[in-house]
$ cat work12.cif   # mmCIF, C-alpha atoms
data_final
#
loop_
_atom_site.label_atom_id
_atom_site.label_comp_id
_atom_site.auth_asym_id
_atom_site.auth_seq_id
_atom_site.Cartn_x
_atom_site.Cartn_y
_atom_site.Cartn_z
CA MET A 1 63.90 94.78 122.66
CA PRO A 2 66.00 96.94 120.39
CA GLY A 3 66.45 99.39 123.21
CA LEU A 4 66.19 103.09 123.73
CA PRO A 5 67.01 105.29 120.74
CA VAL A 6 69.60 107.29 122.68
CA VAL A 7 71.62 104.20 123.48
CA PHE A 8 71.54 103.08 119.88
CA PHE A 9 72.65 106.41 118.49
CA ILE A 10 75.49 106.74 120.95
CA LEU A 11 76.72 103.26 120.10
CA ALA A 12 76.32 103.85 116.37
CA ALA A 13 78.30 107.09 116.61
CA VAL A 14 81.09 105.37 118.54
CA ALA A 15 81.18 102.56 115.98
CA VAL A 16 81.46 104.92 113.03
CA VAL A 17 84.00 107.19 114.72
CA THR A 18 86.25 104.29 115.70
CA ALA A 19 86.00 102.84 112.19
CA LEU A 20 87.07 106.20 110.77
CA GLY A 21 89.83 106.41 113.33
CA MET A 22 91.10 103.04 112.24
CA LEU A 23 91.14 104.10 108.60
CA LEU A 24 92.74 107.48 109.06
CA SER A 25 95.32 106.72 111.71
CA ARG A 26 98.93 106.78 110.54
CA ASN A 27 100.12 104.56 113.34
CA THR A 28 99.20 100.92 112.83
CA VAL A 29 98.96 100.17 116.55
CA TYR A 30 96.43 102.97 116.98
CA SER A 31 94.43 101.49 114.11
CA ALA A 32 94.36 98.11 115.82
CA LEU A 33 93.24 99.63 119.12
CA PHE A 34 90.50 101.62 117.38
CA LEU A 35 89.28 98.40 115.83
CA VAL A 36 89.18 96.68 119.22
CA LEU A 37 86.89 99.44 120.46
CA ASN A 38 84.76 99.05 117.33
CA PHE A 39 84.36 95.34 117.99
CA ALA A 40 83.34 95.96 121.58
CA THR A 41 80.72 98.48 120.42
CA VAL A 42 79.30 96.05 117.88
CA ALA A 43 79.16 93.41 120.63
CA VAL A 44 76.97 95.71 122.72
CA LEU A 45 74.75 96.19 119.66
CA TYR A 46 74.43 92.40 119.44
CA LEU A 47 73.34 92.39 123.08
CA MET A 48 70.66 94.93 122.26
CA LEU A 49 69.45 92.71 119.42
CA GLY A 50 68.95 89.75 121.74
CA ALA A 51 72.08 87.74 120.89
CA PRO A 52 74.03 87.33 124.13
CA PHE A 53 76.01 84.29 123.07
CA VAL A 54 77.13 85.87 119.82
CA ALA A 55 78.00 89.10 121.62
CA LEU A 56 80.33 87.43 124.09
CA THR A 57 81.77 85.20 121.38
CA GLN A 58 82.56 88.38 119.47
CA ILE A 59 84.43 89.81 122.46
CA THR A 60 86.32 86.59 123.06
CA VAL A 61 87.19 85.68 119.48
CA TYR A 62 87.43 88.99 117.66
CA ALA A 63 88.54 91.50 120.25
CA GLY A 64 90.37 88.97 122.37
CA SER A 65 92.14 86.70 119.92
CA ILE A 66 92.15 88.10 116.40
CA MET A 67 93.18 91.62 117.39
CA VAL A 68 95.81 90.29 119.76
CA LEU A 69 97.19 88.29 116.84
CA PHE A 70 97.21 91.47 114.76
CA LEU A 71 99.08 93.30 117.49
CA PHE A 72 101.61 90.49 117.73
CA VAL A 73 102.36 90.70 114.02
CA ILE A 74 102.44 94.50 114.03
CA LEU A 75 104.99 94.53 116.80
CA LEU A 76 106.93 91.63 115.29
CA LEU A 77 107.35 93.42 111.97
CA GLY A 78 107.89 96.82 113.52
CA ALA A 79 105.07 98.11 111.33
CA GLU A 80 104.46 101.09 113.54
CA ARG A 81 107.81 102.46 112.45
CA LEU A 82 107.73 101.50 108.79
CA PRO A 83 107.58 104.47 106.41
CA ILE A 84 104.27 104.32 104.62
CA SER A 85 104.51 105.91 101.22
CA ASP A 86 101.68 108.25 100.39
CA LYS A 87 101.82 107.64 96.70
CA LEU A 88 98.06 107.71 96.25
CA GLY A 89 97.33 109.98 93.31
CA TRP A 90 93.85 109.72 91.91
CA GLN A 91 92.59 106.79 94.02
CA PRO A 92 90.97 108.69 96.89
CA PHE A 93 88.99 110.89 94.50
CA VAL A 94 87.43 107.85 92.86
CA ALA A 95 87.18 105.60 95.89
CA ILE A 96 85.46 107.97 98.32
CA PRO A 97 82.55 108.92 96.01
CA LEU A 98 82.12 105.27 95.06
CA GLY A 99 82.06 104.32 98.75
CA PHE A 100 79.40 106.93 99.42
CA ILE A 101 77.35 105.66 96.50
CA LEU A 102 77.63 102.10 97.77
CA ALA A 103 76.55 103.02 101.29
CA ALA A 104 73.66 105.11 99.98
CA GLU A 105 72.50 102.28 97.71
CA PHE A 106 72.68 99.77 100.56
CA ALA A 107 70.80 102.01 102.96
CA PHE A 108 68.18 102.90 100.35
CA ASN A 109 67.44 99.26 99.53
CA LEU A 110 67.35 98.25 103.18
CA PHE A 111 65.01 101.04 104.20
CA GLN A 112 62.77 100.33 101.21
CA SER A 113 62.22 96.70 102.11
CA THR A 114 62.18 96.79 105.89
CA GLY A 115 61.28 100.34 106.81
CA GLN A 116 57.72 99.43 107.71
CA ILE A 117 58.80 96.99 110.38
CA VAL A 118 58.90 99.14 113.47
CA ASN A 119 58.54 96.66 116.25
CA VAL A 120 60.37 93.42 116.23
CA ILE A 121 58.46 90.26 116.89
CA GLU A 122 58.33 89.06 120.44
CA THR A 123 60.91 86.39 120.96
CA PRO A 124 61.04 83.85 123.78
CA ALA A 125 63.15 84.62 126.81
CA ASN A 126 65.93 82.24 125.85
CA PHE A 127 66.33 83.56 122.30
CA GLY A 128 70.02 83.57 121.52
CA SER A 129 71.03 81.94 124.78
CA PRO A 130 73.86 79.38 124.65
CA ALA A 131 71.42 76.54 125.27
CA SER A 132 69.21 77.36 122.31
CA ILE A 133 72.19 77.99 120.05
CA GLY A 134 73.74 74.73 121.14
CA GLU A 135 70.54 72.81 120.45
CA LEU A 136 70.50 74.07 116.91
CA LEU A 137 74.24 73.81 116.39
CA PHE A 138 74.56 70.17 117.33
CA SER A 139 71.40 68.91 115.69
CA GLN A 140 70.70 70.76 112.48
CA TYR A 141 74.06 72.40 111.77
CA ILE A 142 76.36 69.59 112.82
CA LEU A 143 77.93 69.32 109.36
CA PRO A 144 79.05 72.97 109.13
CA PHE A 145 80.29 72.66 112.69
CA GLU A 146 82.58 69.75 111.86
CA THR A 147 83.64 71.46 108.65
CA THR A 148 84.73 74.57 110.52
CA ALA A 149 86.75 72.33 112.83
CA LEU A 150 88.55 71.02 109.73
CA VAL A 151 89.01 74.58 108.46
CA LEU A 152 90.64 75.61 111.72
CA LEU A 153 92.96 72.63 111.61
CA ALA A 154 93.99 73.42 108.03
CA ALA A 155 94.54 77.06 108.93
CA ALA A 156 96.71 76.22 111.93
CA VAL A 157 98.87 73.79 109.97
CA GLY A 158 99.08 76.16 107.01
CA ALA A 159 100.05 79.15 109.12
CA ILE A 160 102.85 77.21 110.79
CA ILE A 161 104.23 75.97 107.49
CA ILE A 162 104.04 79.35 105.77
CA ALA A 163 105.70 81.26 108.56
CA LYS A 164 108.40 78.74 109.30
CA PRO A 165 111.91 80.02 108.52
CA GLU A 166 113.76 78.03 105.90
CA ARG A 167 116.57 76.02 107.40
CA GLN A 168 118.93 73.83 105.40
CA SER A 169 120.07 70.51 106.79
CA PRO A 170 123.79 69.73 106.30
CA GLY A 171 123.02 66.94 103.81
CA GLN A 172 121.02 69.37 101.70
CA ALA A 173 123.92 71.80 101.61
CA ILE A 174 126.44 69.17 100.46
CA ARG A 175 124.11 67.89 97.73
CA ARG A 176 123.66 71.41 96.48
CA THR A 177 127.44 71.98 96.26
CA ARG A 178 127.94 68.70 94.44
CA ALA A 179 125.28 69.55 91.88
CA VAL A 180 126.91 72.92 91.23
CA SER A 181 130.48 71.68 90.84
CA SER A 182 129.76 68.69 88.61
CA PRO A 183 127.10 69.77 86.17
CA VAL A 184 127.69 67.00 83.62
CA PRO A 185 126.56 63.59 84.82
CA ALA A 186 128.66 60.53 84.03
CA GLU A 187 127.84 60.05 80.34
CA ALA A 188 130.82 58.33 78.68
CA PRO A 189 133.19 57.18 81.37
CA SER A 190 135.19 55.07 78.89
CA ALA A 191 136.83 58.08 77.23
CA GLU A 192 140.27 58.53 78.69
CA ALA A 193 140.37 62.24 77.99
CA LYS A 194 137.60 62.80 80.51
CA GLU A 195 139.13 60.73 83.26
CA THR A 196 141.58 63.28 84.50
CA PRO A 197 139.08 66.13 84.96
CA ALA A 198 136.67 63.67 86.60
CA ALA A 199 139.37 62.53 89.02
CA VAL A 200 140.17 66.14 89.85
CA GLN A 201 136.50 66.84 90.48
CA GLU A 202 136.09 63.82 92.70
CA GLU A 203 139.04 64.83 94.79
CA ALA A 204 137.60 68.29 95.17
CA LEU A 205 134.27 66.79 96.29
CA LYS A 206 135.94 64.53 98.82
CA GLN A 207 137.49 67.53 100.45
CA ASN A 208 134.05 69.18 101.04
CA MET B 1 61.66 101.40 120.18
CA ILE B 2 63.73 101.99 117.11
CA PRO B 3 63.18 100.39 113.73
CA VAL B 4 65.50 97.55 112.93
CA SER B 5 66.31 99.23 109.63
CA TYR B 6 68.59 101.60 111.56
CA TYR B 7 70.76 98.63 112.47
CA LEU B 8 70.89 97.68 108.82
CA GLY B 9 71.81 101.25 107.89
CA LEU B 10 74.67 101.16 110.38
CA SER B 11 75.79 97.86 108.89
CA ALA B 12 75.80 99.45 105.42
CA VAL B 13 77.88 102.39 106.64
CA LEU B 14 80.43 100.14 108.35
CA PHE B 15 80.67 97.97 105.24
CA ALA B 16 81.32 100.99 103.04
CA LEU B 17 83.99 102.22 105.47
CA GLY B 18 85.62 98.81 105.31
CA ILE B 19 85.69 98.93 101.52
CA LEU B 20 87.24 102.39 101.61
CA GLY B 21 89.91 101.06 103.93
CA VAL B 22 90.70 98.21 101.57
CA LEU B 23 90.98 100.58 98.62
CA LEU B 24 92.91 103.43 100.19
CA ARG B 25 95.45 102.01 102.61
CA ARG B 26 98.87 100.71 101.49
CA ASN B 27 99.70 98.83 104.65
CA PRO B 28 98.47 95.21 104.33
CA LEU B 29 97.86 94.98 108.07
CA VAL B 30 95.39 97.87 107.95
CA LEU B 31 93.90 96.25 104.85
CA PHE B 32 93.27 93.05 106.79
CA MET B 33 91.74 95.07 109.60
CA SER B 34 89.39 96.74 107.11
CA LEU B 35 88.40 93.27 105.90
CA GLU B 36 87.55 92.36 109.48
CA LEU B 37 85.43 95.50 109.67
CA MET B 38 83.51 94.34 106.60
CA PHE B 39 83.00 90.93 108.18
CA ASN B 40 81.62 92.62 111.26
CA ALA B 41 79.20 94.71 109.23
CA GLY B 42 77.88 91.55 107.58
CA ASN B 43 77.56 89.86 110.97
CA LEU B 44 75.55 92.79 112.28
CA ALA B 45 73.16 92.45 109.36
CA PHE B 46 72.80 88.72 110.03
CA VAL B 47 72.01 89.23 113.72
CA THR B 48 69.49 91.92 112.82
CA PHE B 49 67.72 89.59 110.43
CA ALA B 50 67.75 86.82 113.03
CA ARG B 51 65.97 89.18 115.39
CA MET B 52 63.52 90.35 112.74
CA TYR B 53 62.30 86.89 111.84
CA GLY B 54 62.86 85.13 115.15
CA ASP B 55 65.11 82.61 113.44
CA LEU B 56 68.28 81.56 115.24
CA ALA B 57 69.95 80.51 112.00
CA GLY B 58 71.24 84.06 111.54
CA GLN B 59 73.17 83.89 114.78
CA LEU B 60 74.58 80.52 113.86
CA VAL B 61 75.83 81.94 110.59
CA VAL B 62 77.59 84.66 112.59
CA PHE B 63 79.23 81.98 114.70
CA PHE B 64 80.55 80.22 111.60
CA VAL B 65 81.69 83.47 109.99
CA MET B 66 83.68 84.33 113.11
CA THR B 67 85.40 80.96 113.04
CA VAL B 68 86.31 81.14 109.38
CA ALA B 69 87.47 84.74 109.76
CA ALA B 70 89.79 83.71 112.57
CA ALA B 71 91.28 80.97 110.40
CA GLU B 72 91.70 83.37 107.49
CA VAL B 73 93.41 85.98 109.66
CA ALA B 74 95.88 83.38 110.92
CA VAL B 75 96.89 82.32 107.44
CA GLY B 76 96.93 85.88 106.10
CA LEU B 77 99.20 87.14 108.85
CA ALA B 78 101.54 84.19 108.33
CA LEU B 79 101.73 85.18 104.66
CA ILE B 80 102.57 88.76 105.58
CA VAL B 81 105.32 87.59 107.90
CA ALA B 82 106.76 85.37 105.15
CA ILE B 83 106.65 88.21 102.61
CA PHE B 84 108.35 90.56 105.03
CA ARG B 85 111.04 88.00 105.65
CA SER B 86 111.91 87.76 101.98
CA LYS B 87 111.38 91.32 100.80
CA HIS B 88 111.92 93.35 103.98
CA THR B 89 109.02 95.56 103.10
CA ILE B 90 105.28 95.17 103.35
CA ASP B 91 104.25 98.24 101.44
CA LEU B 92 101.72 97.04 98.91
CA ASP B 93 103.03 99.20 96.11
CA GLU B 94 106.35 97.37 96.24
CA VAL B 95 104.99 93.87 96.66
CA ASN B 96 103.65 93.82 93.13
CA SER B 97 105.43 90.91 91.48
CA LEU B 98 104.65 87.23 91.76
CA LYS B 99 108.30 86.42 92.23
CA GLY B 100 108.89 85.32 95.80
#

$ encode --input "work12.cif" --output "structure tokens"
Amino acid sequence: MPGLPVVFFILAAVAVVTALGMLLSRNTVYSALFLVLNFATVAVLYLMLGAPFVALTQITVYAGSIMVLFLFVILLLGAERLPISDKLGWQPFVAIPLGFILAAEFAFNLFQSTGQIVNVIETPANFGSPASIGELLFSQYILPFETTALVLLAAAVGAIIIAKPERQSPGQAIRRTRAVSSPVPAEAPSAEAKETPAAVQEEALKQN
Amino acid sequence: MIPVSYYLGLSAVLFALGILGVLLRRNPLVLFMSLELMFNAGNLAFVTFARMYGDLAGQLVVFFVMTVAAAEVAVGLALIVAIFRSKHTIDLDEVNSLKG
């Protein structure tokens, strides 16, 4: 049951206000907290649409893990104190009307095609329950399930490698110094005129 | 009872707000958060359609989108940390060259 209209409009207003708060807030931590509230509101909307499993997954994964990760990175980089340059000249004047046009187009098309559906169809009592989702997930959608497991593994490995600080081993440092100080490889060692500079270089390398 | 098209209208509004956030904010962290808002708007549309047609496939798509979005956020934030470590700024107007 989609629920009472009052509940829907209150939740919709909270969702839009928190989204605007996230966009307009100058402090990045406030933006993240506004977004957490937005996710919680959308989770309640999922509950009203008869999707309890997805609603609680949203709270656990989005509001509970992804936003916590965002807050970690915000506090790690000190982004709440970084000076944000307001060098936007003409962008807001083009972007905001285009955004309005996009939203109006979306809403127009959606209302055109589905406006006549007032009552949703009656769904069984366990629609959207974990058991019914699990039945479908492990029988018909087993391939995307395993693929997302691979995607998560790749993302975890990739994130660790990208964010790892570069550290030189001692052998790497010595090889780099040797390459810098002796740029010419041993081409004609028989020439006696080159022997003295080569001996001087080798002594210098032995001291490193 | 309210028409399900109101849910779709809310999804459209949230999606447009997400796009405005991507276009107008210079801080890449807020940009990523606006991307997550767009993902959420799409998920809301999927759940609405699942309810409209009584098909659970819509909710399964939302499950997969959440998983992939979590993976993408992890890699994206690692990239931001790496960029900050080398350039000491994350303002998007200054991170405009491919040179790392």

$ residues_near_point --input "work12.cif" --point "(102.2, 87.2, 105.0)" --cutoff "10 Å" --atoms "all atoms listed in the file" --output "MDAnalysis selection string"
(chainID A and resid 73 159 162:163) or (chainID B and resid 28:29 74:85 90)

$ closest_atom_pairs --input "work12.cif" --of "chain B" --to "chain A" --cutoff "7 Å" --atoms "all atoms listed in the file" --output "JSON lines"
{"residue": "B:Met1", "atom": "CA", "partner": "A:Leu4", "partner_atom": "CA", "distance": 6.0}
{"residue": "B:Ile2", "atom": "CA", "partner": "A:Pro5", "partner_atom": "CA", "distance": 5.9}
{"residue": "B:Pro3", "atom": "CA", "partner": "A:Val118", "partner_atom": "CA", "distance": 4.5}
{"residue": "B:Val4", "atom": "CA", "partner": "A:Val118", "partner_atom": "CA", "distance": 6.8}
{"residue": "B:Ser5", "atom": "CA", "partner": "A:Phe111", "partner_atom": "CA", "distance": 5.9}
{"residue": "B:Leu8", "atom": "CA", "partner": "A:Leu110", "partner_atom": "CA", "distance": 6.7}
{"residue": "B:Gly9", "atom": "CA", "partner": "A:Ala107", "partner_atom": "CA", "distance": 5.1}
{"residue": "B:Leu10", "atom": "CA", "partner": "A:Ala12", "partner_atom": "CA", "distance": 6.8}
{"residue": "B:Ala12", "atom": "CA", "partner": "A:Ala103", "partner_atom": "CA", "distance": 5.5}
{"residue": "B:Val13", "atom": "CA", "partner": "A:Ala103", "partner_atom": "CA", "distance": 5.5}
{"residue": "B:Leu14", "atom": "CA", "partner": "A:Val16", "partner_atom": "CA", "distance": 6.8}
{"residue": "B:Ala16", "atom": "CA", "partner": "A:Ala103", "partner_atom": "CA", "distance": 5.5}
{"residue": "B:Leu20", "atom": "CA", "partner": "A:Gly99", "partner_atom": "CA", "distance": 6.2}
{"residue": "B:Gly21", "atom": "CA", "partner": "A:Leu23", "partner_atom": "CA", "distance": 5.7}
{"residue": "B:Leu23", "atom": "CA", "partner": "A:Ala95", "partner_atom": "CA", "distance": 6.9}
{"residue": "B:Leu24", "atom": "CA", "partner": "A:Pro92", "partner_atom": "CA", "distance": 6.5}
{"residue": "B:Val30", "atom": "CA", "partner": "A:Thr28", "partner_atom": "CA", "distance": 6.9}
{"residue": "B:Val47", "atom": "CA", "partner": "A:Tyr46", "partner_atom": "CA", "distance": 7.0}
{"residue": "B:Thr48", "atom": "CA", "partner": "A:Leu49", "partner_atom": "CA", "distance": 6.6}
{"residue": "B:Arg51", "atom": "CA", "partner": "A:Leu49", "partner_atom": "CA", "distance": 6.4}
{"residue": "B:Met52", "atom": "CA", "partner": "A:Val120", "partner_atom": "CA", "distance": 5.6}
{"residue": "B:Gly54", "atom": "CA", "partner": "A:Thr123", "partner_atom": "CA", "distance": 6.3}
{"residue": "B:Leu56", "atom": "CA", "partner": "A:Gly128", "partner_atom": "CA", "distance": 6.8}
{"residue": "B:Gln59", "atom": "CA", "partner": "A:Val54", "partner_atom": "CA", "distance": 6.7}
{"residue": "B:Phe63", "atom": "CA", "partner": "A:Val54", "partner_atom": "CA", "distance": 6.8}
{"residue": "B:Thr67", "atom": "CA", "partner": "A:Thr148", "partner_atom": "CA", "distance": 6.9}
{"residue": "B:Val68", "atom": "CA", "partner": "A:Thr148", "partner_atom": "CA", "distance": 6.9}
{"residue": "B:Ala70", "atom": "CA", "partner": "A:Ile66", "partner_atom": "CA", "distance": 6.3}
{"residue": "B:Ala71", "atom": "CA", "partner": "A:Ala155", "partner_atom": "CA", "distance": 5.3}
{"residue": "B:Ala74", "atom": "CA", "partner": "A:Ala159", "partner_atom": "CA", "distance": 6.2}
{"residue": "B:Val75", "atom": "CA", "partner": "A:Ala159", "partner_atom": "CA", "distance": 4.8}
{"residue": "B:Ala78", "atom": "CA", "partner": "A:Ala163", "partner_atom": "CA", "distance": 5.1}
{"residue": "B:Leu79", "atom": "CA", "partner": "A:Ile162", "partner_atom": "CA", "distance": 6.4}
{"residue": "B:Val81", "atom": "CA", "partner": "A:Ala163", "partner_atom": "CA", "distance": 6.4}
{"residue": "B:Ala82", "atom": "CA", "partner": "A:Ala163", "partner_atom": "CA", "distance": 5.4}
{"residue": "B:Asp91", "atom": "CA", "partner": "A:Ile84", "partner_atom": "CA", "distance": 6.9}

$ atom_distance --input "work12.cif" --atom1 "atom CA of Gly58 of chain B" --atom2 "atom CA of Thr41 of chain A"
19.4 Å

$ closest_residue --input "work12.cif" --among "B:Met33, B:Ser86, B:Tyr7, B:Gly18" --to "Ala69 of chain B" --atoms "all atoms listed in the file"
B:Met33

$ atom_distance --input "work12.cif" --atom1 "atom CA of Asn27 of chain B" --atom2 "atom CA of Val73 of chain B"
15.2 Å

$ atom_distance --input "work12.cif" --atom1 "atom CA of Met38 of chain B" --atom2 "atom CA of Ala131 of chain A"
28.5 Å

$ residues_around --input "work12.cif" --residues "Phe46 of chain B" --least-positions-apart "3" --cutoff "8 Å" --atoms "all atoms listed in the file" --output "ChimeraX atom specification"
/B:42-43,49-50,58-59,61-62

$ residues_around --input "work12.cif" --residues "Ser97 of chain B" --least-positions-apart "3" --cutoff "12 Å" --atoms "all atoms listed in the file" --output "PyMOL selection string"
chain B and resi 83+87+92-94+100
